[in-house]
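Coordinates as given in final16.cif (mmCIF, C-alpha atoms):
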```cif
data_structure
#
loop_
_atom_site.group_PDB
_atom_site.id
_atom_site.type_symbol
_atom_site.label_atom_id
_atom_site.label_comp_id
_atom_site.auth_asym_id
_atom_site.auth_seq_id
_atom_site.Cartn_x
_atom_site.Cartn_y
_atom_site.Cartn_z
ATOM 1 C CA MET U 28 -7.287 58.514 148.647
ATOM 2 C CA LEU U 29 -4.841 58.020 145.786
ATOM 3 C CA PRO U 30 -5.774 59.012 142.222
ATOM 4 C CA ARG U 31 -6.813 56.097 140.044
ATOM 5 C CA LYS U 32 -3.553 56.047 138.055
ATOM 6 C CA GLN U 33 -1.344 56.157 141.163
ATOM 7 C CA LYS U 34 -3.513 53.518 142.810
ATOM 8 C CA TYR U 35 -3.072 51.249 139.775
ATOM 9 C CA GLU U 36 0.718 51.692 139.791
ATOM 10 C CA TYR U 37 0.802 51.075 143.537
ATOM 11 C CA HIS U 38 -1.116 47.805 143.255
ATOM 12 C CA LYS U 39 0.961 46.744 140.247
ATOM 13 C CA THR U 40 4.131 47.204 142.317
ATOM 14 C CA GLN U 41 2.759 45.415 145.368
ATOM 15 C CA PHE U 42 1.159 42.486 143.542
ATOM 16 C CA LYS U 43 4.358 41.502 141.655
ATOM 17 C CA GLY U 44 2.527 39.187 139.276
ATOM 18 C CA ARG U 45 0.140 37.857 141.936
ATOM 19 C CA ASN U 46 -3.624 38.120 142.250
ATOM 20 C CA SER U 47 -3.548 39.406 145.832
ATOM 21 C CA TYR U 48 -1.334 40.468 148.689
ATOM 22 C CA SER U 49 -1.696 41.199 152.383
ATOM 23 C CA ARG U 50 -1.471 44.796 153.587
ATOM 24 C CA THR U 51 0.091 43.677 156.867
ATOM 25 C CA ASP U 52 2.634 41.549 154.974
ATOM 26 C CA PRO U 53 2.953 42.637 151.306
ATOM 27 C CA ASP U 54 5.212 39.652 150.545
ATOM 28 C CA ALA U 55 2.457 37.190 151.508
ATOM 29 C CA THR U 56 -0.372 36.101 149.187
ATOM 30 C CA PHE U 57 -3.910 35.138 150.146
ATOM 31 C CA MET U 58 -4.286 31.368 149.832
ATOM 32 C CA ARG U 59 -6.727 28.643 150.774
ATOM 33 C CA MET U 60 -5.273 26.804 153.741
ATOM 34 C CA LYS U 61 -5.836 23.197 154.753
ATOM 35 C CA GLU U 62 -6.759 24.486 158.194
ATOM 36 C CA ASP U 63 -10.248 25.742 157.410
ATOM 37 C CA HIS U 64 -12.069 25.592 160.734
ATOM 38 C CA MET U 65 -15.132 27.440 159.437
ATOM 39 C CA ARG U 66 -15.276 25.224 156.310
ATOM 40 C CA ASN U 67 -16.049 28.140 154.027
ATOM 41 C CA GLY U 68 -12.861 28.307 151.954
ATOM 42 C CA GLN U 69 -11.551 31.287 153.876
ATOM 43 C CA LEU U 70 -8.469 32.957 152.387
ATOM 44 C CA LYS U 71 -5.495 33.731 154.619
ATOM 45 C CA PRO U 72 -2.132 35.380 153.855
ATOM 46 C CA GLY U 73 0.628 32.799 153.581
ATOM 47 C CA TYR U 74 3.631 31.428 151.728
ATOM 48 C CA ASN U 75 4.161 28.359 149.579
ATOM 49 C CA VAL U 76 6.936 26.324 151.207
ATOM 50 C CA GLN U 77 9.015 24.045 148.977
ATOM 51 C CA VAL U 78 11.355 21.329 150.260
ATOM 52 C CA GLY U 79 13.762 18.990 148.480
ATOM 53 C CA THR U 80 14.942 15.858 150.265
ATOM 54 C CA GLU U 81 17.249 12.920 149.686
ATOM 55 C CA ALA U 82 17.884 9.912 151.936
ATOM 56 C CA GLY U 83 15.822 11.478 154.708
ATOM 57 C CA PHE U 84 17.676 14.814 154.791
ATOM 58 C CA VAL U 85 16.589 18.224 153.529
ATOM 59 C CA THR U 86 18.897 19.266 150.680
ATOM 60 C CA CYS U 87 17.156 22.490 149.669
ATOM 61 C CA TYR U 88 14.236 24.650 150.740
ATOM 62 C CA ALA U 89 12.559 27.824 149.511
ATOM 63 C CA ILE U 90 9.530 30.014 150.179
ATOM 64 C CA TYR U 91 7.375 31.523 147.430
ATOM 65 C CA PRO U 92 4.347 33.816 147.316
ATOM 66 C CA ASN U 93 2.790 31.688 144.542
ATOM 67 C CA PRO U 94 -0.355 29.803 145.660
ATOM 68 C CA THR U 95 0.285 26.944 143.202
ATOM 69 C CA ASP U 96 3.312 24.670 142.923
ATOM 70 C CA THR U 97 3.542 24.904 139.127
ATOM 71 C CA ARG U 98 5.431 28.203 139.131
ATOM 72 C CA THR U 99 7.966 27.249 141.788
ATOM 73 C CA LEU U 100 9.866 24.325 140.277
ATOM 74 C CA GLN U 101 12.138 26.163 137.846
ATOM 75 C CA THR U 102 13.449 28.684 140.366
ATOM 76 C CA PHE U 103 13.708 25.941 142.983
ATOM 77 C CA LEU U 104 15.973 23.919 140.683
ATOM 78 C CA GLU U 105 18.249 26.928 140.268
ATOM 79 C CA GLN U 106 18.480 27.310 144.024
ATOM 80 C CA TYR U 107 19.223 23.600 144.335
ATOM 81 C CA ARG U 108 22.090 24.039 141.898
ATOM 82 C CA GLU U 109 23.456 26.987 143.872
ATOM 83 C CA ASN U 110 23.453 24.892 147.046
ATOM 84 C CA LEU U 111 24.940 21.662 145.634
ATOM 85 C CA ASN U 112 26.592 22.884 142.406
ATOM 86 C CA LYS U 113 24.579 20.407 140.344
ATOM 87 C CA TYR U 114 21.051 19.517 139.321
ATOM 88 C CA PRO U 115 19.347 16.423 140.738
ATOM 89 C CA LYS U 116 19.665 13.268 138.661
ATOM 90 C CA ASN U 117 16.073 12.217 139.354
ATOM 91 C CA LEU U 118 13.176 14.470 140.282
ATOM 92 C CA ILE U 119 10.030 13.038 141.876
ATOM 93 C CA ALA U 120 7.058 15.359 142.362
ATOM 94 C CA ASP U 121 3.278 15.163 142.545
ATOM 95 C CA LYS U 122 0.784 16.293 139.918
ATOM 96 C CA GLY U 123 0.845 19.905 141.147
ATOM 97 C CA TYR U 124 4.129 20.309 139.236
ATOM 98 C CA GLY U 125 2.991 18.583 136.037
ATOM 99 C CA SER U 126 3.076 21.357 133.433
ATOM 100 C CA VAL U 127 4.587 21.726 129.977
ATOM 101 C CA GLU U 128 7.072 24.313 131.266
ATOM 102 C CA ASN U 129 8.317 22.026 134.046
ATOM 103 C CA TYR U 130 8.622 18.979 131.797
ATOM 104 C CA GLU U 131 10.578 20.995 129.243
ATOM 105 C CA GLU U 132 12.798 22.510 131.937
ATOM 106 C CA CYS U 133 13.739 19.037 133.208
ATOM 107 C CA GLU U 134 14.563 17.924 129.662
ATOM 108 C CA ARG U 135 16.811 20.942 129.093
ATOM 109 C CA LYS U 136 18.682 20.287 132.328
ATOM 110 C CA GLY U 137 19.039 16.545 131.724
ATOM 111 C CA ILE U 138 16.892 15.585 134.737
ATOM 112 C CA ASN U 139 14.931 12.335 134.802
ATOM 113 C CA SER U 140 11.540 13.653 135.898
ATOM 114 C CA TYR U 141 8.935 11.421 137.505
ATOM 115 C CA ILE U 142 6.121 13.947 137.717
ATOM 116 C CA LYS U 143 2.474 13.051 137.474
ATOM 117 C CA TYR U 144 0.130 15.228 135.420
ATOM 118 C CA GLN U 145 -3.236 16.626 136.410
ATOM 119 C CA TYR U 146 -5.473 13.779 135.267
ATOM 120 C CA TRP U 147 -3.102 10.906 136.125
ATOM 121 C CA GLU U 148 -5.449 9.341 138.673
ATOM 122 C CA LYS U 149 -8.584 9.975 136.614
ATOM 123 C CA GLU U 150 -6.960 8.440 133.540
ATOM 124 C CA LYS U 151 -6.836 5.067 135.285
ATOM 125 C CA LYS U 152 -10.623 5.067 135.560
ATOM 126 C CA LYS U 153 -11.252 4.709 131.849
ATOM 127 C CA ARG U 154 -14.233 2.430 132.406
ATOM 128 C CA SER U 155 -15.891 4.888 134.747
ATOM 129 C CA LYS U 156 -18.987 6.534 133.266
ATOM 130 C CA LYS U 157 -18.045 9.779 134.992
ATOM 131 C CA TYR U 158 -14.885 10.198 132.913
ATOM 132 C CA ARG U 159 -16.044 8.416 129.755
ATOM 133 C CA TYR U 160 -16.260 11.605 127.684
ATOM 134 C CA TYR U 161 -13.162 13.363 129.035
ATOM 135 C CA TRP U 162 -10.725 14.208 126.271
ATOM 136 C CA TRP U 163 -8.060 11.659 127.291
ATOM 137 C CA ASN U 164 -10.549 8.885 126.479
ATOM 138 C CA PHE U 165 -10.680 10.148 122.882
ATOM 139 C CA LYS U 166 -8.348 8.215 120.559
ATOM 140 C CA TYR U 167 -5.969 10.353 118.512
ATOM 141 C CA ASN U 168 -5.038 9.349 114.972
ATOM 142 C CA LYS U 169 -1.753 11.117 114.235
ATOM 143 C CA GLU U 170 -1.726 10.220 110.519
ATOM 144 C CA LEU U 171 -5.203 11.608 109.838
ATOM 145 C CA ASP U 172 -4.870 14.315 112.531
ATOM 146 C CA GLN U 173 -8.253 13.635 114.060
ATOM 147 C CA PHE U 174 -9.838 12.317 117.257
ATOM 148 C CA ILE U 175 -12.366 9.529 117.692
ATOM 149 C CA CYS U 176 -14.784 9.841 120.604
ATOM 150 C CA PRO U 177 -15.931 6.814 122.663
ATOM 151 C CA GLU U 178 -19.085 6.646 120.517
ATOM 152 C CA GLY U 179 -17.087 6.427 117.280
ATOM 153 C CA GLN U 180 -17.717 10.002 116.076
ATOM 154 C CA MET U 181 -14.893 11.875 114.309
ATOM 155 C CA LEU U 182 -13.481 15.189 115.541
ATOM 156 C CA THR U 183 -11.664 16.952 112.701
ATOM 157 C CA TYR U 184 -9.154 19.799 112.831
ATOM 158 C CA GLU U 185 -10.711 23.259 112.751
ATOM 159 C CA ARG U 186 -8.156 25.966 113.605
ATOM 160 C CA ILE U 187 -5.285 26.998 115.899
ATOM 161 C CA ARG U 188 -5.690 29.200 118.968
ATOM 162 C CA THR U 189 -2.811 30.946 120.733
ATOM 163 C CA ARG U 190 -2.709 31.141 124.509
ATOM 164 C CA ILE U 191 -0.175 33.072 126.583
ATOM 165 C CA ARG U 192 1.392 31.065 129.405
ATOM 166 C CA TYR U 193 2.160 32.528 132.814
ATOM 167 C CA ASN U 194 5.860 32.919 131.898
ATOM 168 C CA GLY U 195 4.985 34.970 128.798
ATOM 169 C CA SER U 196 5.600 32.212 126.227
ATOM 170 C CA LYS U 197 2.997 31.275 123.629
ATOM 171 C CA GLU U 198 1.146 27.984 123.581
ATOM 172 C CA LEU U 199 -0.453 26.795 120.340
ATOM 173 C CA LEU U 200 -3.688 24.882 120.810
ATOM 174 C CA LYS U 201 -5.240 22.922 117.959
ATOM 175 C CA ILE U 202 -9.032 22.939 118.046
ATOM 176 C CA TYR U 203 -11.023 19.950 116.826
ATOM 177 C CA SER U 204 -14.776 19.734 116.479
ATOM 178 C CA CYS U 205 -17.370 17.098 115.663
ATOM 179 C CA LYS U 206 -19.998 17.802 113.007
ATOM 180 C CA THR U 207 -22.134 14.726 113.631
ATOM 181 C CA CYS U 208 -23.022 15.201 117.305
ATOM 182 C CA ASN U 209 -26.703 15.585 116.428
ATOM 183 C CA GLU U 210 -26.778 11.922 115.447
ATOM 184 C CA CYS U 211 -25.378 10.798 118.836
ATOM 185 C CA VAL U 212 -27.853 9.697 121.514
ATOM 186 C CA ASN U 213 -25.343 10.523 124.290
ATOM 187 C CA ARG U 214 -24.610 14.074 123.163
ATOM 188 C CA GLU U 215 -25.889 15.642 126.411
ATOM 189 C CA MET U 216 -23.445 13.531 128.431
ATOM 190 C CA CYS U 217 -20.531 14.649 126.230
ATOM 191 C CA THR U 218 -21.152 18.378 125.668
ATOM 192 C CA LYS U 219 -23.508 21.167 126.654
ATOM 193 C CA GLY U 220 -23.223 22.855 123.254
ATOM 194 C CA SER U 221 -24.524 21.921 119.849
ATOM 195 C CA HIS U 222 -21.342 19.953 119.080
ATOM 196 C CA ARG U 223 -18.244 18.782 120.909
ATOM 197 C CA ARG U 224 -15.061 20.860 120.667
ATOM 198 C CA LEU U 225 -11.656 19.787 121.891
ATOM 199 C CA GLU U 226 -8.460 21.793 122.468
ATOM 200 C CA PHE U 227 -5.268 19.822 121.927
ATOM 201 C CA ASN U 228 -1.639 20.730 122.560
ATOM 202 C CA PRO U 229 0.617 18.269 120.677
ATOM 203 C CA ARG U 230 3.644 19.218 122.772
ATOM 204 C CA ARG U 231 1.775 18.618 126.032
ATOM 205 C CA TYR U 232 0.496 15.310 124.674
ATOM 206 C CA GLU U 233 4.054 14.232 123.801
ATOM 207 C CA LEU U 234 5.508 15.216 127.194
ATOM 208 C CA GLN U 235 2.718 13.556 129.149
ATOM 209 C CA ASN U 236 3.178 10.331 127.169
ATOM 210 C CA LYS U 237 6.857 10.352 128.127
ATOM 211 C CA ALA U 238 5.946 10.992 131.758
ATOM 212 C CA ARG U 239 3.454 8.120 131.695
ATOM 213 C CA GLU U 240 6.047 5.731 130.308
ATOM 214 C CA ARG U 241 8.588 6.689 132.990
ATOM 215 C CA LEU U 242 6.075 6.428 135.815
ATOM 216 C CA LYS U 243 4.877 2.991 134.719
ATOM 217 C CA THR U 244 8.364 1.451 134.797
ATOM 218 C CA GLU U 245 9.480 -0.469 137.878
ATOM 219 C CA ARG U 246 12.079 2.180 138.610
ATOM 220 C CA GLY U 247 9.468 4.904 138.341
ATOM 221 C CA LYS U 248 7.070 3.078 140.650
ATOM 222 C CA ASN U 249 9.790 2.487 143.256
ATOM 223 C CA LEU U 250 10.996 6.094 143.159
ATOM 224 C CA TYR U 251 7.520 7.582 143.372
ATOM 225 C CA ARG U 252 6.630 5.234 146.226
ATOM 226 C CA LYS U 253 9.410 6.849 148.267
ATOM 227 C CA ARG U 254 8.170 10.393 147.650
ATOM 228 C CA SER U 255 5.609 10.482 150.440
ATOM 229 C CA ALA U 256 8.047 9.006 152.947
ATOM 230 C CA GLU U 257 10.750 11.486 151.947
ATOM 231 C CA VAL U 258 8.949 14.807 151.557
ATOM 232 C CA GLU U 259 5.718 14.458 153.504
ATOM 233 C CA THR U 260 7.660 13.293 156.561
ATOM 234 C CA VAL U 261 9.283 16.720 156.795
ATOM 235 C CA PHE U 262 5.946 18.539 156.991
ATOM 236 C CA GLY U 263 4.418 15.884 159.228
ATOM 237 C CA GLN U 264 7.302 16.121 161.672
ATOM 238 C CA VAL U 265 7.593 19.907 161.757
ATOM 239 C CA LYS U 266 3.903 20.804 161.597
ATOM 240 C CA GLY U 267 2.341 17.803 163.318
ATOM 241 C CA ASN U 268 4.854 16.597 165.906
ATOM 242 C CA TRP U 269 6.655 19.865 166.635
ATOM 243 C CA GLY U 270 3.562 22.060 166.404
ATOM 244 C CA PHE U 271 4.868 24.663 163.948
ATOM 245 C CA ARG U 272 1.751 26.018 162.236
ATOM 246 C CA ARG U 273 2.446 29.701 161.658
ATOM 247 C CA PHE U 274 5.391 31.979 160.899
ATOM 248 C CA LYS U 275 6.216 34.346 163.736
ATOM 249 C CA GLY U 276 7.835 37.086 161.631
ATOM 250 C CA TRP U 277 6.528 39.212 158.785
ATOM 251 C CA GLY U 278 8.118 39.365 155.371
ATOM 252 C CA LYS U 279 9.533 36.717 153.069
ATOM 253 C CA ALA U 280 13.093 37.113 154.405
ATOM 254 C CA ASN U 281 12.032 36.536 158.003
ATOM 255 C CA ALA U 282 9.799 33.608 157.088
ATOM 256 C CA SER U 283 12.578 32.009 155.027
ATOM 257 C CA CYS U 284 15.045 32.389 157.891
ATOM 258 C CA GLU U 285 12.584 30.873 160.339
ATOM 259 C CA TRP U 286 11.833 27.912 158.077
ATOM 260 C CA GLY U 287 15.558 27.401 157.534
ATOM 261 C CA LEU U 288 16.086 27.008 161.277
ATOM 262 C CA TRP U 289 13.390 24.341 161.366
ATOM 263 C CA MET U 290 15.018 22.508 158.465
ATOM 264 C CA LEU U 291 18.376 22.670 160.237
ATOM 265 C CA ALA U 292 16.769 21.186 163.350
ATOM 266 C CA TYR U 293 15.170 18.450 161.238
ATOM 267 C CA ASN U 294 18.506 17.456 159.677
ATOM 268 C CA LEU U 295 20.291 17.499 163.033
ATOM 269 C CA LYS U 296 17.636 15.225 164.520
ATOM 270 C CA ASN U 297 17.964 12.741 161.656
ATOM 271 C CA LEU U 298 21.749 12.906 161.856
ATOM 272 C CA ALA U 299 21.663 12.143 165.562
ATOM 273 C CA MET U 300 19.387 9.167 164.920
ATOM 274 C CA THR U 301 21.630 7.723 162.197
ATOM 275 C CA CYS U 302 24.987 8.229 163.944
ATOM 276 C CA PRO U 303 26.292 5.165 165.801
ATOM 277 C CA ARG U 304 26.293 5.472 169.568
#
```
Now, as a test, write the supplied structure out as structure tokens.
Amino acid sequence: MLPRKQKYEYHKTQFKGRNSYSRTDPDATFMRMKEDHMRNGQLKPGYNVQVGTEAGFVTCYAIYPNPTDTRTLQTFLEQYRENLNKYPKNLIADKGYGSVENYEECERKGINSYIKYQYWEKEKKKRSKKYRYYWWNFKYNKELDQFICPEGQMLTYERIRTRIRYNGSKELLKIYSCKTCNECVNREMCTKGSHRRLEFNPRRYELQNKARERLKTERGKNLYRKRSAEVETVFGQVKGNWGFRRFKGWGKANASCEWGLWMLAYNLKNLAMTCPR
């Protein structure tokens, strides 16, 4: 048994910013897999595989120990640049990548990002009673700096709260609260507390508005429509048709090498299909 201090330092070294790691493969992280035969949310050690495609060919791939996609985009773009000596002109990704950090990174690099945000699908259901009192259905008055709830009650500015992001940067959240919730007959449907409070990030609001405008254009709709055919085809072909469901080697280097061979095989197959005979 290690002393408590040595045990802490050991876990700090092995975790490397993660919440867990596997003792048999310290590079792997415990994640919830889609293959859950027992249907109990069992955690298994694995890697987060990222793939970039264009015109049916894999242009870049990478493997990460991060369970979520949010933290992979920035390093993936740098690897893309190392491979092709440039950044992509357009970037199409699902809502798992829709964060303030990723939107800002695309702006800094001059990339036209077509990335959905977390509540993109729910936002379309504005008339649904289930989402009636979600914050995006509250109207924001920029001049008066206040929100108006669906029942017409005012939420005024209260204070600013600072939150630390995963990359160490600070995020300023403006907190608004309503003082007249007691007069509302639908208070229990809106909040469990005595009054409704709302946390608002102006920068996030601005970036998501820009993303919404890009996604609603005809170009944005056409590009995003191709995403599933481009990216999901890679995983469907390799995992479904070719039966690759598990890495054979241990360690991130071995897993990356193995996945690279599969991507090479995928590109060669597509090249053979497109070449004239």
Task: Hits from the PyMOL selection byres ((chain U and resi 115) around 10), listed as an NGL selection string - done: :U and (79 or 81 or 104 or 107-108 or 111-114 or 116-119 or 133 or 136-140)
Open item on the list: Residues near U:Pro177, anyone? I mean within 10 Å using only C-alpha atoms, not counting same-chain ones fewer than 4 positions away, as number ranges by chain.
Closed with: U: 159-162, 164-166, 181, 217
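The protein and nucleic acid residues lying at most 10 Å from U:Phe57 are U:Arg45, U:Asn46, U:Ser47, U:Tyr48, U:Ser49, U:Gln69, U:Leu70, U:Lys71, U:Pro72, U:Gly73, U:Tyr74, U:Pro92, U:Asn93, U:Pro94, with all atoms listed in the file considered and sequence neighbours fewer than 5 positions away removed.
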TODO: Kindly indicate which residue among U:Glu185, U:Glu226, U:Glu134, U:Glu215 lies nearest to U:Trp163, using only C-alpha atoms for the distances.
DONE: U:Glu226
Which residues are close to stretch 236-241 of chain U, i.e. within 10 Å by only C-alpha atoms, leaving aside same-chain residues fewer than 4 positions away? Reply as a short mmCIF file (atom, residue, chain, number, x, y, z; two decimals) with C-alpha atoms, in the coordinates of the input.
```cif
data_model
loop_
_atom_site.label_atom_id
_atom_site.label_comp_id
_atom_site.auth_asym_id
_atom_site.auth_seq_id
_atom_site.Cartn_x
_atom_site.Cartn_y
_atom_site.Cartn_z
CA GLY U 125 2.99 18.58 136.04
CA TYR U 130 8.62 18.98 131.80
CA ASN U 139 14.93 12.34 134.80
CA SER U 140 11.54 13.65 135.90
CA TYR U 141 8.94 11.42 137.50
CA ILE U 142 6.12 13.95 137.72
CA LYS U 143 2.47 13.05 137.47
CA TYR U 144 0.13 15.23 135.42
CA TRP U 147 -3.10 10.91 136.12
CA ARG U 230 3.64 19.22 122.77
CA ARG U 231 1.78 18.62 126.03
CA TYR U 232 0.50 15.31 124.67
CA GLU U 245 9.48 -0.47 137.88
CA ARG U 246 12.08 2.18 138.61
CA GLY U 247 9.47 4.90 138.34
CA LYS U 248 7.07 3.08 140.65
#
```
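For the set U:Glu178, U:Ala280, U:Glu148, U:Met60, the residue with the smallest atom-to-atom gap to U:Met216 is U:Glu178, counting only C-alpha atoms.
Evaluated against this file, the PyMOL selection byres ((chain U and resi 258) around 9) yields Val78, Gly79, Thr80, Glu81, Gly83, Val85, Lys253, Arg254, Ser255, Ala256, Glu257, Glu259, Thr260, Val261, Phe262 and Gly263 of chain U.
Picture a line from atom CA of U:Ile90 to atom CA of U:Phe103; it runs 9.3 Å.
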Task: Which residue of U:Asn228, U:Asn168, U:Asn110, U:Thr244 approaches U:Arg190 most closely, using only C-alpha atoms - done: U:Asn228
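Across the model, the gap from atom CA of U:Gln106 to atom CA of U:Leu291 is 16.9 Å.
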- [ ] Just the residues within 9 Å of stretch 50-52 of chain U, please, counting only C-alpha atoms, with nothing from its chain fewer than 4 positions along; format it as a list in words.
- [x] Thr56, Pro72, Trp277, Gly278 and Lys279 of chain U
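Atom CA of U:Arg272 sits 29.3 Å away from atom CA of U:Cys302.
In terms of minimum interatomic distance to U:Tyr91, U:Met58 ranks closest within U:Ile175, U:Ile187, U:Met58, U:Ile202, counting all atoms listed in the file.
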Open item on the list: Selection in question (the file shown): the PyMOL selection byres ((chain U and resi 123) around 10). Which residues does it include, as a VMD selection string?
Closed with: chain U and resid 95 to 98 120 to 122 124 to 126 142 to 145
- [ ] Excluding U:Lys197 and any residue of its chain fewer than 6 positions from it, enumerate the residues within 12 Å of it, using only C-alpha atoms, and give them as a PyMOL selection string.
- [x] chain U and resi 127-128+188-191+228
Open item on the list: With distances taken over all atoms listed in the file, which residue among U:Phe84, U:Leu234, U:Asn213, U:Gly267 lies nearest U:Met300?
Closed with: U:Phe84
